[in-house]
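Undergrad: Structure file my_file_6.cif, mmCIF, C-alpha atoms, is pasted below:
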data_query
loop_
_atom_site.label_atom_id
_atom_site.label_comp_id
_atom_site.auth_asym_id
_atom_site.auth_seq_id
_atom_site.Cartn_x
_atom_site.Cartn_y
_atom_site.Cartn_z
CA MET A 16 14.83 9.00 -22.21
CA GLY A 17 16.77 5.89 -22.68
CA LEU A 18 20.30 4.65 -22.52
CA ASN A 19 22.20 2.71 -25.09
CA ARG A 20 24.81 0.85 -23.10
CA ASN A 21 27.54 -0.88 -25.05
CA VAL A 22 29.57 -1.72 -21.98
CA SER A 23 30.06 -5.38 -21.16
CA LEU A 24 30.33 -6.64 -17.60
CA MET A 25 34.05 -7.36 -18.04
CA THR A 26 34.65 -3.85 -19.35
CA ALA A 27 32.73 -2.43 -16.40
CA LEU A 28 34.80 -4.45 -13.95
CA ARG A 29 38.00 -3.08 -15.55
CA TYR A 30 36.76 0.51 -15.20
CA LYS A 31 39.44 2.55 -13.44
CA GLY A 32 37.11 4.22 -11.00
CA GLN A 33 39.30 3.04 -8.13
CA GLY A 34 38.01 3.01 -4.55
CA PRO A 35 34.74 4.93 -4.99
CA PHE A 36 33.67 2.77 -7.95
CA LEU A 37 34.57 -0.41 -6.09
CA THR A 38 32.33 0.59 -3.18
CA TYR A 39 29.58 1.57 -5.64
CA ILE A 40 29.59 -1.81 -7.39
CA LEU A 41 30.00 -3.80 -4.15
CA HIS A 42 27.10 -1.86 -2.62
CA ARG A 43 24.89 -2.99 -5.49
CA ILE A 44 26.11 -6.59 -5.33
CA GLY A 45 25.51 -6.60 -1.56
CA GLY A 46 22.05 -5.12 -1.94
CA LEU A 47 21.07 -7.58 -4.65
CA GLY A 48 22.45 -10.49 -2.63
CA MET A 49 20.44 -9.46 0.41
CA ALA A 50 17.27 -8.85 -1.62
CA ILE A 51 17.48 -12.31 -3.19
CA PHE A 52 18.31 -13.97 0.12
CA ILE A 53 15.53 -12.26 2.09
CA THR A 54 12.94 -12.95 -0.62
CA VAL A 55 13.89 -16.64 -0.85
CA HIS A 56 14.08 -16.92 2.95
CA MET A 57 10.61 -15.45 3.43
CA LEU A 58 9.09 -17.59 0.68
CA SER A 59 10.77 -20.75 1.97
CA SER A 60 9.67 -20.02 5.56
CA PHE A 61 6.13 -19.45 4.35
CA THR A 62 5.96 -22.53 2.11
CA GLY A 63 7.89 -24.73 4.55
CA ASN A 64 6.54 -23.73 7.97
CA ILE A 65 3.01 -22.64 7.02
CA LEU A 66 2.16 -24.76 3.96
CA GLY A 67 4.42 -27.71 4.83
CA TRP A 68 6.02 -27.93 1.39
CA LYS A 69 9.39 -29.75 1.23
CA ILE A 70 10.83 -27.17 -1.16
CA GLY A 71 10.71 -24.63 1.65
CA PHE A 72 12.86 -26.73 3.97
CA LEU A 73 15.27 -27.47 1.10
CA ALA A 74 15.81 -23.76 0.42
CA ASN A 75 16.37 -23.08 4.11
CA GLN A 76 19.15 -25.69 4.20
CA VAL A 77 21.12 -23.73 1.59
CA TYR A 78 21.75 -20.73 3.81
CA GLU A 79 22.79 -22.90 6.74
CA ASN A 80 25.89 -23.75 4.68
CA TRP A 81 28.96 -21.87 5.97
CA LEU A 82 30.03 -20.77 2.48
CA PHE A 83 26.67 -19.13 1.94
CA GLN A 84 26.94 -17.52 5.38
CA LEU A 85 30.33 -16.05 4.44
CA PHE A 86 28.75 -14.59 1.29
CA ILE A 87 25.64 -13.18 2.96
CA PHE A 88 27.64 -11.68 5.85
CA PHE A 89 29.83 -9.97 3.27
CA CYS A 90 26.72 -8.58 1.55
CA VAL A 91 25.07 -7.42 4.79
CA LEU A 92 28.11 -5.89 6.47
CA PHE A 93 29.46 -4.16 3.38
CA HIS A 94 26.04 -2.80 2.39
CA ALA A 95 25.38 -1.59 5.94
CA ILE A 96 28.78 0.07 6.48
CA ASN A 97 28.95 1.58 3.00
CA GLY A 98 25.33 2.71 3.33
CA LEU A 99 26.18 4.47 6.57
CA ARG A 100 29.03 6.31 4.84
CA ILE A 101 26.74 7.33 1.96
CA THR A 102 24.03 8.51 4.34
CA LEU A 103 26.44 10.55 6.46
CA LEU A 104 28.07 12.20 3.44
CA ASP A 105 24.70 12.96 1.85
CA LEU A 106 23.15 14.37 4.99
CA PHE A 107 26.30 16.39 5.77
CA PRO A 108 27.46 17.43 2.27
CA LYS A 109 30.49 19.37 3.52
CA LEU A 110 32.04 16.01 4.37
CA ILE A 111 32.01 14.98 0.68
CA LEU A 112 35.36 16.74 0.35
CA TYR A 113 36.76 13.94 2.50
CA HIS A 114 35.02 11.04 0.78
CA ARG A 115 38.24 9.15 0.04
CA GLN A 116 39.24 9.30 3.70
CA ALA A 117 35.73 8.14 4.59
CA ILE A 118 36.14 5.16 2.25
CA THR A 119 39.43 4.27 3.97
CA ILE A 120 37.73 4.34 7.38
CA GLU A 121 34.86 2.30 5.93
CA TRP A 122 37.24 -0.43 4.72
CA ALA A 123 38.98 -0.51 8.10
CA ALA A 124 35.65 -0.98 9.89
CA PHE A 125 34.47 -3.54 7.36
CA ILE A 126 37.66 -5.64 7.50
CA ALA A 127 37.56 -5.70 11.31
CA LEU A 128 33.88 -6.68 11.50
CA TYR A 129 33.88 -9.08 8.58
CA GLY A 130 37.14 -10.65 9.70
CA PHE A 131 35.65 -11.40 13.10
CA SER A 132 32.43 -12.70 11.54
CA ALA A 133 34.28 -14.88 9.02
CA PHE A 134 36.53 -16.25 11.76
CA THR A 135 33.47 -17.15 13.87
CA ILE A 136 31.62 -18.75 10.95
CA ILE A 137 34.64 -20.81 9.83
CA ARG A 138 35.48 -21.86 13.40
CA THR A 139 31.89 -23.01 13.91
CA ALA A 140 31.95 -24.85 10.57
CA LEU A 141 35.10 -26.67 11.64
CA GLY A 142 33.41 -27.68 14.88
CA GLY A 143 35.32 -25.28 17.12
CA MET B 17 27.93 23.85 -19.35
CA THR B 18 26.99 24.76 -15.81
CA THR B 19 27.15 22.17 -13.11
CA LYS B 20 25.36 22.13 -9.81
CA SER B 21 27.39 21.82 -6.66
CA ARG B 22 26.66 18.77 -4.50
CA ASN B 23 27.60 20.77 -1.44
CA LEU B 24 24.05 21.94 -0.83
CA SER B 25 22.09 21.44 2.34
CA ILE B 26 18.94 19.31 2.15
CA ALA B 27 16.81 22.43 2.69
CA LYS B 28 18.39 24.14 -0.33
CA ARG B 29 18.03 21.04 -2.52
CA GLY B 30 14.25 21.02 -1.98
CA LEU B 31 11.81 18.13 -1.90
CA MET B 32 9.84 18.61 -5.07
CA SER B 33 9.81 15.32 -6.92
CA PHE B 34 9.02 11.70 -6.12
CA GLU B 35 12.60 10.74 -6.93
CA THR B 36 13.96 13.31 -4.47
CA ILE B 37 11.58 12.15 -1.76
CA MET B 38 12.67 8.54 -2.35
CA TRP B 39 16.31 9.67 -2.30
CA VAL B 40 15.74 11.07 1.20
CA PHE B 41 13.65 8.04 2.19
CA THR B 42 16.50 5.70 1.24
CA ARG B 43 18.91 7.56 3.54
CA LEU B 44 16.50 7.95 6.45
CA SER B 45 15.20 4.38 6.19
CA ALA B 46 18.81 3.17 6.43
CA LEU B 47 19.20 5.12 9.67
CA GLY B 48 15.86 3.70 10.86
CA MET B 49 17.04 0.15 10.20
CA TYR B 50 20.29 0.76 12.10
CA ALA B 51 18.25 2.05 15.06
CA LEU B 52 15.88 -0.95 15.02
CA ILE B 53 18.73 -3.45 14.73
CA ILE B 54 20.59 -1.85 17.66
CA PHE B 55 17.32 -1.84 19.63
CA GLY B 56 16.92 -5.57 18.90
CA LEU B 57 20.51 -6.33 19.91
CA ILE B 58 20.17 -4.42 23.19
CA GLY B 59 16.86 -6.19 23.86
CA ALA B 60 18.48 -9.55 23.19
CA LEU B 61 21.26 -8.83 25.69
CA VAL B 62 18.69 -7.72 28.29
CA MET B 63 16.66 -10.92 27.76
CA GLY B 64 19.61 -13.25 28.29
CA ALA B 65 21.44 -13.57 24.97
CA ARG B 66 24.83 -13.11 26.63
CA ASN B 67 24.81 -16.54 28.25
CA ASN B 68 22.49 -18.55 26.04
CA MET B 69 23.11 -17.53 22.44
CA THR B 70 25.98 -17.60 19.95
CA PHE B 71 27.21 -14.60 17.98
CA ALA B 72 25.41 -15.80 14.83
CA GLU B 73 22.14 -16.32 16.72
CA VAL B 74 22.29 -12.82 18.19
CA MET B 75 22.99 -11.33 14.76
CA ARG B 76 20.10 -13.29 13.29
CA TRP B 77 17.76 -11.90 15.95
CA GLY B 78 19.13 -8.39 15.43
CA PHE B 79 18.41 -8.41 11.70
CA MET B 80 14.83 -9.64 12.27
CA PRO B 81 13.58 -9.90 15.88
CA ASN B 82 11.16 -12.73 15.23
CA VAL B 83 10.76 -15.48 17.85
CA THR B 84 11.30 -18.24 15.25
CA HIS B 85 14.87 -16.96 14.95
CA VAL B 86 15.67 -17.97 18.55
CA GLU B 87 13.78 -21.27 18.73
CA ASN B 88 16.94 -23.35 18.21
CA THR B 89 19.05 -21.54 20.81
CA ALA B 90 19.91 -22.56 24.38
CA LEU B 91 17.42 -20.06 25.83
CA PRO B 92 15.39 -21.74 28.61
CA ASP B 93 12.23 -19.74 27.79
CA THR B 94 11.47 -17.86 24.58
CA THR B 95 8.17 -16.37 25.80
CA PRO B 96 9.59 -12.84 26.29
CA TRP B 97 11.01 -12.98 22.76
CA ALA B 98 7.51 -13.45 21.34
CA GLY B 99 6.02 -10.34 22.96
CA THR B 100 4.04 -7.64 21.18
CA LEU B 101 6.95 -5.19 21.42
CA TRP B 102 9.15 -7.47 19.33
CA LYS B 103 6.37 -8.20 16.84
CA LEU B 104 5.92 -4.46 16.39
CA THR B 105 9.68 -3.97 16.09
CA ALA B 106 9.90 -6.75 13.50
CA SER B 107 6.93 -5.27 11.60
CA ALA B 108 8.57 -1.84 11.53
CA LEU B 109 11.81 -3.38 10.30
CA LEU B 110 9.90 -5.34 7.65
CA LEU B 111 8.06 -2.26 6.34
CA ILE B 112 11.20 -0.10 6.21
CA ALA B 113 13.38 -2.86 4.73
CA VAL B 114 10.88 -3.76 2.00
CA GLY B 115 10.48 -0.10 1.00
CA HIS B 116 14.24 0.50 1.04
CA GLY B 117 15.07 -2.75 -0.75
CA VAL B 118 12.45 -2.68 -3.49
CA HIS B 119 13.22 0.95 -4.29
CA GLY B 120 16.90 -0.01 -4.53
CA LEU B 121 16.04 -2.78 -6.97
CA VAL B 122 14.05 -0.30 -9.09
CA VAL B 123 17.01 2.10 -9.15
CA ILE B 124 19.33 -0.69 -10.33
CA ALA B 125 16.80 -1.92 -12.91
CA ASP B 126 16.43 1.61 -14.29
CA ASP B 127 20.15 1.63 -15.07
CA TYR B 128 19.75 -1.32 -17.41
CA ILE B 129 16.16 -1.03 -18.66
CA ALA B 130 15.95 2.03 -20.85
CA THR B 131 12.53 1.91 -22.51
CA ALA B 132 9.48 3.60 -21.00
CA LYS B 133 7.44 0.40 -21.26
CA GLY B 134 10.19 -1.64 -19.61
CA ARG B 135 10.39 0.78 -16.73
CA GLN B 136 6.60 0.72 -16.39
CA ILE B 137 6.74 -3.08 -16.06
CA VAL B 138 9.48 -2.76 -13.44
CA ARG B 139 7.28 -0.41 -11.41
CA ILE B 140 4.29 -2.75 -11.60
CA CYS B 141 6.49 -5.68 -10.54
CA SER B 142 7.91 -3.59 -7.67
CA GLY B 143 4.38 -2.77 -6.46
CA VAL B 144 3.42 -6.45 -6.52
CA MET B 145 6.65 -7.34 -4.72
CA ILE B 146 6.11 -4.73 -2.00
CA LEU B 147 2.56 -5.90 -1.29
CA SER B 148 3.38 -9.63 -1.37
CA MET B 149 6.54 -9.29 0.76
CA ILE B 150 4.74 -7.18 3.38
CA GLY B 151 1.81 -9.62 3.39
CA ILE B 152 3.93 -12.76 3.75
CA GLY B 153 6.30 -11.11 6.23
CA ALA B 154 3.50 -9.78 8.44
CA TYR B 155 1.84 -13.21 8.40
CA LEU B 156 5.08 -14.91 9.46
CA ILE B 157 5.68 -12.36 12.24
CA TRP B 158 2.19 -12.28 13.72
CA VAL B 159 0.80 -15.77 13.03
CA SER B 160 3.68 -18.27 12.97
#
Would you mind writing the structure in this file as structure tokens?

TA:
Amino acid sequence: MGLNRNVSLMTALRYKGQGPFLTYILHRIGGLGMAIFITVHMLSSFTGNILGWKIGFLANQVYENWLFQLFIFFCVLFHAINGLRITLLDLFPKLILYHRQAITIEWAAFIALYGFSAFTIIRTALGG
Amino acid sequence: MTTKSRNLSIAKRGLMSFETIMWVFTRLSALGMYALIIFGLIGALVMGARNNMTFAEVMRWGFMPNVTHVENTALPDTTPWAGTLWKLTASALLLIAVGHGVHGLVVIADDYIATAKGRQIVRICSGVMILSMIGIGAYLIWVS
């Protein structure tokens, strides 16, 4: 057992895996982003609302920022839509032959949903 | 070198190892979360979200149907949003999400932590994280 990785982050980002690799790496980034956000959110709600610590309220203010909301919506929507594609292809393996077409559909759905979400978040941030 | 085809049905792949079971769990828990989120969104619309909540507020409720997530909305009465049904829905979402998320973190960590001891530490940390997240989350849902 054991891996000896000599691949830097920059090398990994230049990897020519094209569309499937991009969804793979964005799925991980989205999952990590959500995991960190949800953990911090739960801890800040617990320490702020239950224990009354100021640090909890401070952490909660961070994700009320519209830039953070743009980031977390990207994480949530991409992870959810890409996860649905992965689940469907894995549960119906005959569809794997069409995985590139599935990725195209996934991007179309993501751009539509995220575009609407980003528009709403930015409009709200600008006071619209 | 022989390679195995990925075009096998789940029944033919078998469910023999913990990793395989968790592989299936990850897929099915994702479907479970979609179902619970849609259930929360439909419930929100039934309880008056259409006229008294913004898009962001509805999404926030959908991702975790906890009454504290609608306290700052224009809803005239949040009593129905604090019912047992929604606490149970939120608890189910919490349990599934923590299992799905922590297992995902372990999978990612395993790609970068190669030693047996390192992976053992990751598994201990994941166990602690699961228990603490479920404990804190359940407390926030049922007590706050």

Undergrad: What would the selection look like, as a list in words, if the PyMOL selection byres ((chain B and resi 31-45) around 10) were run on the coordinates I just shared?

TA: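 Applying the expression gives Gly98, Leu99, Ile101, Thr102, Leu103, Asp105 and Leu106 of chain A; Ile26, Ala27, Lys28, Arg29, Gly30, Ala46, Leu47, Gly48, Met49, Tyr50, Ala51, Leu109, Leu111, Ile112, Ala113, Gly115, His116, Gly117, His119, Gly120 and Val123 of chain B.
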
Undergrad: CA of Phe88 in chain A to CA of Leu147 in chain B: how many Å, to one decimal?

TA: 26.7 Å

Undergrad: Which value, in Å to one decimal, gives the distance between CA of Thr119 in chain A and CA of Ile54 in chain B?

TA: 24.1 Å

Undergrad: What lies within 9 Å of Ile58 in chain B using all atoms listed in the file, ignoring chain neighbours under 5 positions off, as JSON, numbers by chain?

TA: {"B": [53, 63, 78]}

Undergrad: Just checking: using all atoms listed in the file, which residue out of B:Asp93, B:Ser148, B:Pro81, B:Glu87 ends up closest to chain A?

TA: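 Nearest to chain A: B:Ser148.
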
Undergrad: Could you check how far CA of Leu52 in chain B sits from CA of Phe36 in chain A, in Å to one decimal?

TA: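 Straight-line distance from CA of Leu52 in chain B to CA of Phe36 in chain A works out to 29.3 Å.
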
Undergrad: Considering all atoms listed in the file, state which residue in the set B:Gln136, B:Thr100, B:Thr70, B:Thr105 is at the smallest distance from chain A.

TA: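 Smallest distance to chain A is found for B:Thr70.
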
Undergrad: Taking all atoms listed in the file into account and nothing else, which residues of chain A lie no more than 9 Å away from chain B? Please answer as a VMD selection string.

TA: chain A and resid 16 to 20 43 46 to 47 49 to 50 54 57 to 58 60 to 61 64 to 65 95 98 to 99 101 to 103 105 to 112 132 135 to 136

Undergrad: For Ile70 in chain A, please output as a PyMOL selection string all residues within 12 Å (counting only C-alpha atoms; exclusion window: fewer than 4 positions along the same chain).

TA: chain A and resi 55-56+58-64+66+74-77

Undergrad: Do a neighbour search on range 124-130 of chain A at 8 Å with all atoms listed in the file, toss out local chain neighbours closer than 4 positions, and write the hits as an mmCIF file with C-alpha atoms, in the coordinates of the input.

TA:
data_model
loop_
_atom_site.group_PDB
_atom_site.id
_atom_site.type_symbol
_atom_site.label_atom_id
_atom_site.label_comp_id
_atom_site.auth_asym_id
_atom_site.auth_seq_id
_atom_site.Cartn_x
_atom_site.Cartn_y
_atom_site.Cartn_z
ATOM 1 C CA PHE A 88 27.640 -11.680 5.850
ATOM 2 C CA PHE A 89 29.830 -9.970 3.270
ATOM 3 C CA LEU A 92 28.110 -5.890 6.470
ATOM 4 C CA PHE A 93 29.460 -4.160 3.380
ATOM 5 C CA ILE A 96 28.780 0.070 6.480
ATOM 6 C CA ILE A 120 37.730 4.340 7.380
ATOM 7 C CA PHE A 134 36.530 -16.250 11.760
#

Undergrad: Reconstruct N, CA and C atoms of range 106-119 of chain A; output as a CSV table (one decimal), keeping the file's coordinate frame.

TA:
chain,number,residue,atom,x,y,z
A,106,LEU,N,23.9,13.5,4.0
A,106,LEU,CA,23.2,14.4,5.0
A,106,LEU,C,24.0,15.5,5.5
A,107,PHE,N,25.4,15.3,5.4
A,107,PHE,CA,26.3,16.4,5.8
A,107,PHE,C,27.2,16.6,4.6
A,108,PRO,N,26.7,17.3,3.5
A,108,PRO,CA,27.5,17.4,2.3
A,108,PRO,C,28.9,18.0,2.4
A,109,LYS,N,29.1,18.8,3.4
A,109,LYS,CA,30.5,19.4,3.5
A,109,LYS,C,31.5,18.3,3.7
A,110,LEU,N,31.1,17.1,4.2
A,110,LEU,CA,32.0,16.0,4.4
A,110,LEU,C,32.4,15.3,3.1
A,111,ILE,N,31.7,15.6,2.0
A,111,ILE,CA,32.0,15.0,0.7
A,111,ILE,C,33.4,15.3,0.2
A,112,LEU,N,34.0,16.4,0.7
A,112,LEU,CA,35.4,16.7,0.4
A,112,LEU,C,36.3,15.7,0.9
A,113,TYR,N,35.9,14.9,1.9
A,113,TYR,CA,36.8,13.9,2.5
A,113,TYR,C,36.3,12.5,2.2
A,114,HIS,N,35.6,12.3,1.0
A,114,HIS,CA,35.0,11.0,0.8
A,114,HIS,C,36.0,9.9,0.6
A,115,ARG,N,37.2,10.2,0.1
A,115,ARG,CA,38.2,9.2,0.0
A,115,ARG,C,38.7,8.7,1.4
A,116,GLN,N,38.9,9.7,2.3
A,116,GLN,CA,39.2,9.3,3.7
A,116,GLN,C,38.1,8.5,4.3
A,117,ALA,N,36.9,8.9,4.0
A,117,ALA,CA,35.7,8.1,4.6
A,117,ALA,C,35.7,6.7,4.1
A,118,ILE,N,36.1,6.5,2.8
A,118,ILE,CA,36.1,5.2,2.2
A,118,ILE,C,37.2,4.3,2.9
A,119,THR,N,38.4,5.0,3.3
A,119,THR,CA,39.4,4.3,4.0
A,119,THR,C,39.0,3.8,5.3
